[in-house]
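Peer 1: Quick one: the structure is below, questions incoming.
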Amino acid sequence: MEKVYTGDPSEIIQSFPNFNLQMHCCRYWWIINWEHRKLSFPFWRIYNNVQRGGFMEYKQQVYEMEPDTLYLIAPNTDYSSRLYSHPIPEDGYRLTGGRISETAGDKLGELLEKGAIEHLFIHFTLGYPYDSVSPGIYPFRMNRHLEDRIIRLRNYLTEHVAQFNFTIFLTIQSLICELLFSMGEEKWKYPIRDVRIARIINLIENNIGNDFTNESLANRANMATNAFSRLFREHVGETLQNFIRKKRIQHACLLLLHSNRSIDEIADKTGFANRYHFSRIFSRITGYAPAKYRKESAVLGITPPAEIPAI
């Protein structure tokens with residue numbers, strides 16, 4: 001039988017890392033207060049301040065934020081933030097700021113004279129296992145290419161708040177990829193995982209609201225339920241149902257911070273029986289009730305509160 005040419009001259013099957021870059025926000029704000037005792041969330045962040053005066057602290061190390069430096073923050077990094085010597089409230093946070101628009105003009109100048117700082121921030125996730133790296137803050141001094149991308153983003157964000165065109169989205173992606181690459185290859189060395197487990201994890205992450213049982217997922221992997229459950233725990237380090245619960249809560253965190261959905265809608269979308277079941281599990285894992293988590297994380301808000309105007 002004549003061999004059919006498929007377009008690939010090699011018969012060697014190739015395997016590539018499977019990561020799913022999901023953007024959650026890219027914003028350009030002025031801030032005059034940025035005092036948070038705890039900023040630990042299940043997504044990556046990139047920060048850049050135009051002026052000096054911002055500080056972050058993680059594991060007793062203080063990072064004085066420099067204008068020529070980008071700060072990449074890994075998921076679940078429990079750090080605090082402040083501007084200047086402003087005290088951090090014992091309970092909650094203090095945030096005053098808003099979007100910088102192209103019509104800011106003199107108003108922005110007045111705010112800067114009062115000590116405001118121009119603050120660019122990006123939030124994103126990569127999916128399992130690349131969101132499970134060790135927590136930490138990674139400063140990167142900007143080179144010419146990074147600086148060009150940051151300036152392009154600032155200029156775009158002063159005119160646009162909701163819609164991103166393809167080229168600016170590629171600008172954001174290239175910025176993220178360069179910073180992740182600069183972290184070093186050792187950060188991304190994960191043990192080889194069974195392909196069946198990798199497929200099931202991908203299925204869970206892309207269908208987080210589904211009612212997954214051990215038996216149904218074992219059937220997907222063409223394995224006996226007990227054997228599959230043991231294999232999953234061996235590769236992932238926790239039980240299948242614990243993993244699913246944590247993924248649901250992580251997705252709920254993103255919806256609480258980056259959407260205007262109600263708590264009832266979020267509970268339904270993330271696969272919980274009702275709001276009360278969701279609130280109980282959410283509080284157990286995060287230490288916050290969902291409503292309090294959303295309120296105390298207003299720095300990420302989709303719609304700034306009334307006291308945080310855009311200019």
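Each chain of the structure tokens is named A, B, ... in the order shown, its residues numbered from 1; ligands are numbered from 1 in display order.
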Sorted by chain and rising residue number, list the residues of segment 57-173 of chain A at most 12 Å from segment 222-241 of chain A (counting only C-alpha atoms), each with its closest atom pair and distance in Å to one decimal, as a tab-separated table.
Peer 2:
```
residue	atom	partner	partner_atom	distance
A:Tyr128	CA	A:Val236	CA	10.3
A:Pro129	CA	A:Val236	CA	9.3
A:Ser132	CA	A:Val236	CA	10.9
```
Peer 1: Limited to N, CA and C atoms, could you put the picked residues into a file as a compact mmCIF listing (two decimals), in the first residue's frame?
Peer 2:
```txt
# COMPACT_ATOMS: atom_id res chain seq x y z
N TYR A 128 -2.45 23.87 34.98
CA TYR A 128 -1.64 22.86 35.69
C TYR A 128 -0.60 22.27 34.74
N PRO A 129 0.65 22.03 35.19
CA PRO A 129 1.17 22.27 36.54
C PRO A 129 1.91 23.60 36.69
N SER A 132 1.68 25.93 39.62
CA SER A 132 2.02 25.31 40.91
C SER A 132 3.50 25.44 41.24
```
Peer 1: Can you tell me, as a PyMOL selection string, what residues are no more than 9 Å from Ile46 of chain A when counting only C-alpha atoms, ignoring any on the same chain fewer than 5 positions away?
Peer 2: chain A and resi 70-73+120-124+176
Peer 1: Restricting the output to C-alpha atoms, write the selected residues as a PDB file, in the first residue's frame.
Peer 2:
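And here's out-v1.pdb as it stands now:
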```
ATOM      1  CA  LEU A  70       9.207  44.476  36.153  1.00  0.00           C
ATOM      2  CA  TYR A  71       8.020  42.324  39.051  1.00  0.00           C
ATOM      3  CA  LEU A  72       6.722  38.848  38.260  1.00  0.00           C
ATOM      4  CA  ILE A  73       4.811  37.301  41.178  1.00  0.00           C
ATOM      5  CA  LEU A 120       0.559  48.848  35.419  1.00  0.00           C
ATOM      6  CA  PHE A 121      -0.652  45.390  36.436  1.00  0.00           C
ATOM      7  CA  ILE A 122      -1.337  42.157  34.560  1.00  0.00           C
ATOM      8  CA  HIS A 123      -2.962  38.993  35.931  1.00  0.00           C
ATOM      9  CA  PHE A 124      -2.922  35.612  34.164  1.00  0.00           C
ATOM     10  CA  ILE A 176       4.734  37.200  29.679  1.00  0.00           C
TER      11      ILE A 176
END
```
Peer 1: Please report as CSV every residue of segment 30-53 of chain A lying within 9 Å of segment 246-264 of chain A, along with the nearest atom pair and their distance in Å (one decimal), using only C-alpha atoms.
Peer 2:
```
residue,atom,partner,partner_atom,distance
A:Phe41,CA,A:Cys253,CA,7.6
A:Pro42,CA,A:Gln250,CA,6.0
A:Phe43,CA,A:Leu254,CA,8.1
```
Peer 1: Select, from A:His145, A:Arg294, A:Arg220, A:His36, the residue with the minimum atom-to-atom distance to His86 of chain A, counting only C-alpha atoms.
Peer 2: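 Of A:His145, A:Arg294, A:Arg220, A:His36, the one nearest His86 of chain A, counting only C-alpha atoms, is A:His36.
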Peer 1: Write out as a list in words the residues lying within 7 Å of Lys38 of chain A, counting only C-alpha atoms and excluding same-chain residues fewer than 3 positions away.
Peer 2: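 Near Lys38 of chain A, the qualifying residues are Asp78, Tyr79 and Ser80 of chain A.
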Peer 1: Got a sec to tell me which of segment 181-260 of chain A DSSP assigns to helix (DSSP H, G or I), as a ChimeraX atom specification?
Peer 2: /A:181-182,185-188,195-206,214-220,225-236,240-258
Peer 1: What's the 9 Å shell around segment 154-163 of chain A, counting only C-alpha atoms, without same-chain residues fewer than 3 positions away, as a VMD selection string?
Peer 2: chain A and resid 26 to 28 99 to 104 120 149 to 151 168
Peer 1: Which of these residues is nearest to Lys187 of chain A, using only C-alpha atoms: A:Tyr138, A:Tyr63, A:Phe55, A:Phe164?
Peer 2: A:Tyr138
Peer 1: List every residue of segment 11-44 of chain A that DSSP, applied to the backbone of this structure, assigns to strand (DSSP E), and report them as a ChimeraX atom specification.
Peer 2: /A:22-39,44
Peer 1: Let me make sure I understand: among A:Pro9, A:Gly98, A:Gly127, A:Gly53, which one has the smallest atom-to-atom distance to Trp30 of chain A if we use only C-alpha atoms?
Peer 2: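 Among A:Pro9, A:Gly98, A:Gly127, A:Gly53, it is A:Gly98 that comes nearest to Trp30 of chain A.
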Peer 1: Within 7 Å of Arg94 of chain A, counting only C-alpha atoms, which residues qualify if same-chain residues fewer than 5 places away don't, as a list in words?
Peer 2: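 The contact residues come out as Asn33, Trp34, Glu35 and His36 of chain A.
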Peer 1: Filtering to all heavy atoms, could you give me those residues as an mmCIF file, in the first residue's frame?
Peer 2:
```cif
data_model
loop_
_atom_site.group_PDB
_atom_site.id
_atom_site.type_symbol
_atom_site.label_atom_id
_atom_site.label_comp_id
_atom_site.auth_asym_id
_atom_site.auth_seq_id
_atom_site.Cartn_x
_atom_site.Cartn_y
_atom_site.Cartn_z
ATOM 1 N N ASN A 33 -3.018 55.163 47.429
ATOM 2 C CA ASN A 33 -2.937 54.226 48.559
ATOM 3 C C ASN A 33 -2.952 52.821 47.992
ATOM 4 O O ASN A 33 -3.722 52.518 47.080
ATOM 5 C CB ASN A 33 -4.108 54.398 49.527
ATOM 6 C CG ASN A 33 -4.035 55.690 50.319
ATOM 7 O OD1 ASN A 33 -4.731 56.649 50.002
ATOM 8 N ND2 ASN A 33 -3.178 55.718 51.321
ATOM 9 N N TRP A 34 -2.103 51.952 48.552
ATOM 10 C CA TRP A 34 -1.989 50.568 48.064
ATOM 11 C C TRP A 34 -1.509 49.696 49.228
ATOM 12 O O TRP A 34 -0.540 48.991 49.125
ATOM 13 C CB TRP A 34 -0.998 50.530 46.893
ATOM 14 C CG TRP A 34 -0.923 49.247 46.147
ATOM 15 C CD1 TRP A 34 -1.939 48.497 45.661
ATOM 16 C CD2 TRP A 34 0.291 48.561 45.777
ATOM 17 N NE1 TRP A 34 -1.462 47.391 45.000
ATOM 18 C CE2 TRP A 34 -0.086 47.411 45.059
ATOM 19 C CE3 TRP A 34 1.644 48.821 45.979
ATOM 20 C CZ2 TRP A 34 0.841 46.504 44.556
ATOM 21 C CZ3 TRP A 34 2.567 47.924 45.466
ATOM 22 C CH2 TRP A 34 2.176 46.776 44.761
ATOM 23 N N GLU A 35 -2.219 49.807 50.336
ATOM 24 C CA GLU A 35 -1.783 49.146 51.567
ATOM 25 C C GLU A 35 -2.601 47.875 51.777
ATOM 26 O O GLU A 35 -3.795 47.939 52.094
ATOM 27 C CB GLU A 35 -1.924 50.094 52.771
ATOM 28 C CG GLU A 35 -0.889 51.201 52.792
ATOM 29 C CD GLU A 35 -1.107 52.279 51.756
ATOM 30 O OE1 GLU A 35 -2.160 52.940 51.814
ATOM 31 O OE2 GLU A 35 -0.228 52.448 50.872
ATOM 32 N N HIS A 36 -1.951 46.735 51.589
ATOM 33 C CA HIS A 36 -2.584 45.424 51.755
ATOM 34 C C HIS A 36 -1.702 44.557 52.648
ATOM 35 O O HIS A 36 -0.498 44.455 52.423
ATOM 36 C CB HIS A 36 -2.764 44.724 50.404
ATOM 37 C CG HIS A 36 -3.815 45.349 49.542
ATOM 38 N ND1 HIS A 36 -3.607 46.525 48.872
ATOM 39 C CD2 HIS A 36 -5.089 44.965 49.260
ATOM 40 C CE1 HIS A 36 -4.709 46.836 48.186
ATOM 41 N NE2 HIS A 36 -5.614 45.913 48.412
#
```
Peer 1: From the list A:Val50, A:Ile117, A:Ile285, A:Ala74, which residue is nearest Asp131 of chain A when using only C-alpha atoms?
Peer 2: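 The closest residue to Asp131 of chain A is A:Ala74.
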